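Student: Contents of upload_7.txt (compact mmCIF, C-alpha atoms) are below:
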```
# COMPACT_ATOMS: atom_id res chain seq x y z
CA MET A 29 60.84 108.60 105.36
CA PRO A 30 61.29 109.68 101.72
CA ALA A 31 63.13 107.34 99.40
CA PRO A 32 66.71 108.27 98.60
CA SER A 33 67.20 110.33 95.50
CA SER A 34 68.14 108.27 92.46
CA THR A 35 71.04 110.63 91.86
CA GLU A 36 72.73 109.65 95.12
CA PRO A 37 75.09 106.66 94.88
CA SER A 38 74.29 103.72 97.13
CA ARG A 39 76.78 102.42 99.66
CA THR A 40 77.71 99.57 97.32
CA GLU A 41 77.82 101.65 94.15
CA SER A 42 81.17 102.95 93.03
CA SER A 43 81.27 106.72 92.57
CA ARG A 44 84.61 106.60 90.74
CA THR A 45 84.43 108.22 87.33
CA GLY A 46 88.12 108.51 86.51
CA PRO A 47 90.79 105.89 85.85
CA LEU A 48 91.51 103.30 88.48
CA ALA A 49 93.49 104.60 91.43
CA ARG A 50 97.08 103.41 91.55
CA ARG A 51 96.50 101.17 94.54
CA HIS A 52 93.64 99.50 92.67
CA ARG A 53 95.76 98.88 89.59
CA HIS A 54 98.40 97.04 91.60
CA VAL A 55 96.80 94.32 93.71
CA TRP A 56 98.58 91.07 92.89
CA LEU A 57 102.01 92.65 93.30
CA PRO A 58 101.49 93.82 96.91
CA ALA A 59 99.74 90.54 97.71
CA THR A 60 102.74 88.59 96.44
CA LEU A 61 105.19 90.89 98.20
CA ALA A 62 103.28 90.43 101.45
CA GLU A 63 103.58 86.66 101.01
CA LEU A 64 107.30 87.03 100.35
CA ILE A 65 107.68 89.14 103.50
CA ALA A 66 106.07 86.33 105.50
CA ASP A 67 108.22 83.72 103.76
CA CYS A 68 111.38 85.73 104.47
CA ALA A 69 110.47 85.95 108.15
CA GLN A 70 109.73 82.23 108.25
CA ALA A 71 113.05 81.40 106.58
CA ALA A 72 114.98 83.60 109.00
CA GLY A 73 113.05 82.23 111.97
CA GLU A 74 113.81 78.66 110.95
CA VAL A 75 117.54 79.41 110.81
CA TYR A 76 117.55 81.20 114.16
CA ARG A 77 115.48 78.40 115.72
CA GLN A 78 118.04 75.79 114.70
CA LEU A 79 120.81 77.92 116.19
CA ALA A 80 118.84 78.49 119.40
CA GLU A 81 118.14 74.77 119.88
CA ALA A 82 121.82 73.85 119.67
CA PRO A 83 123.85 73.49 122.89
CA PRO A 84 125.42 76.86 123.81
CA THR A 85 128.86 75.26 123.91
CA GLN A 86 128.60 73.80 120.42
CA PRO A 87 130.96 75.87 118.21
CA ASP A 88 129.64 74.81 114.80
CA VAL A 89 125.91 74.27 114.40
CA PRO A 90 124.78 72.45 111.25
CA VAL A 91 121.90 74.48 109.85
CA GLN A 92 119.64 73.65 106.93
CA LEU A 93 119.39 76.65 104.59
CA GLY A 94 116.76 75.19 102.30
CA LEU A 95 114.18 77.93 102.91
CA PRO A 96 116.45 80.91 102.06
CA ALA A 97 117.75 79.10 98.99
CA GLY A 98 114.26 78.23 97.82
CA LEU A 99 113.09 81.80 98.27
CA SER A 100 115.99 83.13 96.25
CA ARG A 101 115.13 80.83 93.36
CA SER A 102 111.36 81.44 93.32
CA ALA A 103 110.90 85.08 94.35
CA SER A 104 111.66 86.64 90.97
CA THR A 105 109.26 84.30 89.17
CA ARG A 106 106.53 85.04 91.70
CA VAL A 107 106.99 88.79 91.30
CA ASP A 108 106.89 88.56 87.50
CA ALA A 109 103.73 86.46 87.66
CA ALA A 110 102.08 88.99 89.98
CA ARG A 111 102.88 91.86 87.62
CA ALA A 112 101.49 89.90 84.68
CA ARG A 113 98.25 89.21 86.58
CA ASP A 114 97.91 92.88 87.48
CA ALA A 115 98.41 93.88 83.84
CA GLU A 116 95.85 91.35 82.65
CA ARG A 117 93.35 92.34 85.35
CA TRP A 118 93.72 96.02 84.56
CA ALA A 119 93.54 95.61 80.80
CA ALA A 120 90.21 93.84 81.20
CA THR A 121 88.62 96.78 83.06
CA THR A 122 90.07 99.93 81.48
CA GLU A 123 90.22 101.71 78.17
CA PRO A 124 93.59 101.68 76.37
CA GLU A 125 94.03 105.43 76.82
CA GLU A 126 93.79 105.02 80.61
CA VAL A 127 96.94 102.91 80.76
CA PRO A 128 99.96 105.09 81.66
CA ALA A 129 103.37 104.30 80.26
CA ARG A 130 105.69 102.24 82.40
CA ALA A 131 108.81 103.69 83.97
CA THR A 132 110.93 103.26 80.85
CA GLY A 133 113.65 105.90 80.80
CA VAL A 134 113.24 107.09 84.37
CA PRO A 135 116.74 107.20 85.93
CA ALA A 136 117.20 104.72 88.74
CA ASP A 137 118.44 107.45 91.08
CA ILE A 138 115.05 109.18 90.86
CA GLY A 139 113.35 106.08 92.22
CA ALA A 140 116.05 105.66 94.85
CA ASP A 141 115.68 109.29 95.94
CA PHE A 142 111.93 108.82 96.31
CA LEU A 143 112.47 105.77 98.52
CA THR A 144 114.89 107.71 100.73
CA ASP A 145 112.45 110.61 101.03
CA LEU A 146 109.58 108.19 101.73
CA LEU A 147 111.39 106.77 104.74
CA ASP A 148 112.16 110.24 106.11
CA ASP A 149 108.93 112.09 105.30
CA PRO A 150 106.22 110.44 103.14
CA ALA A 151 104.37 113.72 102.51
CA GLN A 152 107.55 115.43 101.38
CA ALA A 153 108.41 112.46 99.16
CA VAL A 154 105.11 112.78 97.30
CA GLU A 155 105.47 116.55 97.08
CA ARG A 156 108.93 116.32 95.54
CA ALA A 157 107.76 113.66 93.08
CA GLN A 158 104.83 115.87 92.08
CA GLU A 159 107.16 118.80 91.48
CA LEU A 160 109.38 116.61 89.30
CA ALA A 161 106.37 115.37 87.37
CA LYS A 162 105.36 118.97 86.62
CA THR A 163 108.44 119.33 84.42
CA GLY A 164 106.74 117.00 81.98
CA GLU A 165 109.73 114.72 81.53
CA PHE A 166 108.19 111.93 83.59
CA THR A 167 104.72 111.31 85.00
CA LEU A 168 104.17 110.71 88.69
CA ASP A 169 103.08 107.17 87.92
CA GLN A 170 106.38 106.53 86.15
CA ILE A 171 108.35 107.88 89.10
CA LEU A 172 106.42 105.70 91.53
CA ASP A 173 106.80 102.67 89.26
CA GLU A 174 110.57 103.20 89.17
CA ALA A 175 110.67 103.50 92.96
CA THR A 176 108.63 100.31 93.31
CA ASP A 177 110.89 98.46 90.89
CA SER A 178 113.96 99.69 92.76
CA ALA A 179 112.68 98.45 96.12
CA VAL A 180 111.61 95.08 94.69
CA LEU A 181 114.97 94.62 92.97
CA SER A 182 116.81 95.39 96.21
CA GLY A 183 114.73 92.73 97.94
CA LEU A 184 115.45 90.15 95.25
CA LEU A 185 119.18 90.92 95.38
CA SER A 186 119.16 90.51 99.15
CA LEU A 187 117.64 87.05 98.73
CA HIS A 188 120.33 86.12 96.22
CA GLU A 189 122.92 87.26 98.76
CA ALA A 190 121.22 85.15 101.42
CA GLU A 191 121.58 82.07 99.24
CA ARG A 192 125.32 82.67 98.85
CA GLN A 193 126.01 83.07 102.57
CA SER A 194 127.97 80.34 104.33
CA ASP A 195 127.16 81.81 107.75
CA PRO A 196 123.57 80.84 108.71
CA SER A 197 123.08 83.99 110.79
CA ALA A 198 124.14 86.15 107.85
CA ALA A 199 121.74 84.28 105.56
CA ALA A 200 118.87 84.85 108.00
CA ALA A 201 119.76 88.52 108.33
CA LYS A 202 119.72 88.94 104.54
CA CYS A 203 116.24 87.41 104.44
CA LEU A 204 115.04 90.03 106.91
CA VAL A 205 116.72 92.78 104.89
CA ALA A 206 114.84 91.51 101.82
CA ALA A 207 111.58 91.63 103.78
CA GLY A 208 112.25 95.29 104.58
CA HIS A 209 112.75 96.14 100.90
CA PHE A 210 109.56 94.31 99.94
CA ALA A 211 107.64 96.17 102.66
CA LEU A 212 108.94 99.46 101.28
CA ALA A 213 107.80 98.45 97.79
CA VAL A 214 104.31 97.80 99.15
CA SER A 215 104.33 101.29 100.68
CA VAL A 216 105.14 102.82 97.30
CA VAL A 217 102.45 100.76 95.55
CA SER A 218 99.96 102.09 98.10
CA VAL A 219 100.80 105.74 97.35
CA ASP A 220 97.74 107.26 95.71
CA VAL A 221 97.47 110.96 94.89
CA PRO A 222 95.33 112.71 92.26
CA ALA A 223 98.32 113.51 90.06
CA ALA A 224 99.19 109.84 89.88
CA THR A 225 96.24 109.15 87.61
CA PRO A 226 96.51 109.87 83.89
```
Any chance you could put this one into structure tokens?

Tutor:
Amino acid sequence: MPAPSSTEPSRTESSRTGPLARRHRHVWLPATLAELIADCAQAAGEVYRQLAEAPPTQPDVPVQLGLPAGLSRSASTRVDAARARDAERWAATTEPEEVPARATGVPADIGADFLTDLLDDPAQAVERAQELAKTGEFTLDQILDEATDSAVLSGLLSLHEAERQSDPSAAAAKCLVAAGHFALAVSVVSVDVPAATP
């Protein structure tokens, strides 16, 4: 059998010639968000478990809310650290001209609209974002970054609300709401289309 041509890339050789795909530029952020999703579920499960183990006739069940409170206080720091690690990781492997501008100046409602469209029809969400990017006012990367930031912020706010709840069930529910926002942010981070690269 003839040897493979030297011009053909091997299975382990990267054939990428352009800038890093969006999902490759953001790796620590989705990893951290996935951990937060698991932590939110654990916090909610711990609250519900304490309620379930109480006698059904007990009107007031003392519940420890340490996990939701701890999440609320640490989540923002963990997200910021993940973003910093992504930026450092990317800067070490790309040329300065390959780094697109962040979402500075992109109206928050544009990111929110993308999230709404993404839940209804992911393909249509990307198509609408591409059309908006063609106007030249914002890049697709900036629109996706704003949508990601919006979803992450909603998750963080939900955790802050969980910490302030006096009703254990409400605190647990807010943790699960936060998990949903973080999952949506991961979905946006994973969006990768040709126009999203500079």

Student: Please indicate the distance in Å from CA of Val91 (chain A) to CA of Gln78 (chain A), rounded to one decimal place.

Tutor: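 Calculated distance between CA of Val91 (chain A) and CA of Gln78 (chain A) is 6.3 Å.
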
Student: Between A:Gly139, A:Pro96, A:Pro83, A:Pro150, which residue has the minimum interatomic distance to Asp173 (chain A), considering only C-alpha atoms?

Tutor: A:Gly139

Student: Name the closest residue to Ser104 (chain A) among the candidates A:Val219, A:Leu147, A:Leu61, A:Glu191; distances are taken between atoms, counting only C-alpha atoms.

Tutor: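 Result for the nearest residue to Ser104 (chain A): A:Leu61.
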
Student: As a list of chain:residue names, please: the residues near region 111-114 of chain A (cut-off 8 Å, only C-alpha atoms, same-chain neighbours under 6 positions excluded).

Tutor: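 Answer for this query is A:Arg53, A:His54, A:Val55, A:Trp56, A:Leu57.
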
Student: Give me, as a list of chain:residue names, all polymer residues having an atom no more than 10 Å from Ala59 (chain A), counting all atoms listed in the file and skipping those fewer than 4 positions away in the same chain.

Tutor: A:His54, A:Val55, A:Glu63, A:Leu64, A:Ile65, A:Val107, A:Ala110, A:Val214

Student: Mind pulling up the distance from CA of Leu181 (chain A) to CA of Ser197 (chain A)?

Tutor: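 Taking CA of Ser197 (chain A) and CA of Leu181 (chain A), their separation equals 22.3 Å.
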
Student: List as a list in words the protein and nucleic acid residues near Val205 (chain A), meaning an atom at most 9 Å away when only C-alpha atoms are counted, but skip any in the same chain fewer than 6 places from it.

Tutor: Cys68, Gly183, Ser186 and Leu187 of chain A

Student: Please write the residues from the selection above to a file, keeping C-alpha atoms, as a short mmCIF file (atom, residue, chain, number, x, y, z; two decimals), in the coordinates of the input.

Tutor:
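Written file, part01.cif:
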```cif
data_model
loop_
_atom_site.label_atom_id
_atom_site.label_comp_id
_atom_site.auth_asym_id
_atom_site.auth_seq_id
_atom_site.Cartn_x
_atom_site.Cartn_y
_atom_site.Cartn_z
CA CYS A 68 111.38 85.73 104.47
CA GLY A 183 114.73 92.73 97.94
CA SER A 186 119.16 90.51 99.15
CA LEU A 187 117.64 87.05 98.73
#
```

Student: Closest to Ala190 (chain A) among A:Arg106, A:Arg101, A:Arg117, A:Arg156, using all atoms listed in the file?

Tutor: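 Selected residue with least distance to Ala190 (chain A): A:Arg101.
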
Student: How many Å separate CA of Thr121 (chain A) from CA of Asp169 (chain A)?

Tutor: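 CA of Asp169 (chain A) lies 18.5 Å from CA of Thr121 (chain A).
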
Student: Need the neighbours of (106.7, 111.0, 90.6): which residues are at most 6 Å away, counting all atoms listed in the file, as a VMD selection string?

Tutor: chain A and resid 157 to 158 161 167 to 169 171 to 172

Student: Within 9 Å of Ala136 (chain A), counting all atoms listed in the file, which residues show up once you throw out same-chain ones fewer than 4 positions away? Write them as a ChimeraX atom specification, please.

Tutor: /A:140-141,174-175,178

Student: May I ask which of the residues A:Gly94, A:Pro135, A:Gly164, A:Pro196 is the closest one to Asp177 (chain A), counting only C-alpha atoms?

Tutor: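 Among the listed residues, the smallest separation from Asp177 (chain A) belongs to A:Pro135.
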
Student: Applying 8 Å and all atoms listed in the file, which residues near Ala179 (chain A) remain after dropping the ones on its own chain fewer than 4 positions away? List them as a ChimeraX atom specification.

Tutor: /A:143,175,183,209-210,212-213

Student: Rank nothing, just name the residue among A:Ala201, A:Thr163, A:Glu155, A:Ala211 nearest to Thr60 (chain A), using all atoms listed in the file.

Tutor: A:Ala211

Student: For each of A:Asp195, A:Glu189, A:Glu165, A:Asp67, take the minimum atom-to-atom distance to Ala103 (chain A), counting all atoms listed in the file, then give the residue where this is smallest.

Tutor: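 Checking each candidate against Ala103 (chain A), we get A:Asp67 as the closest.
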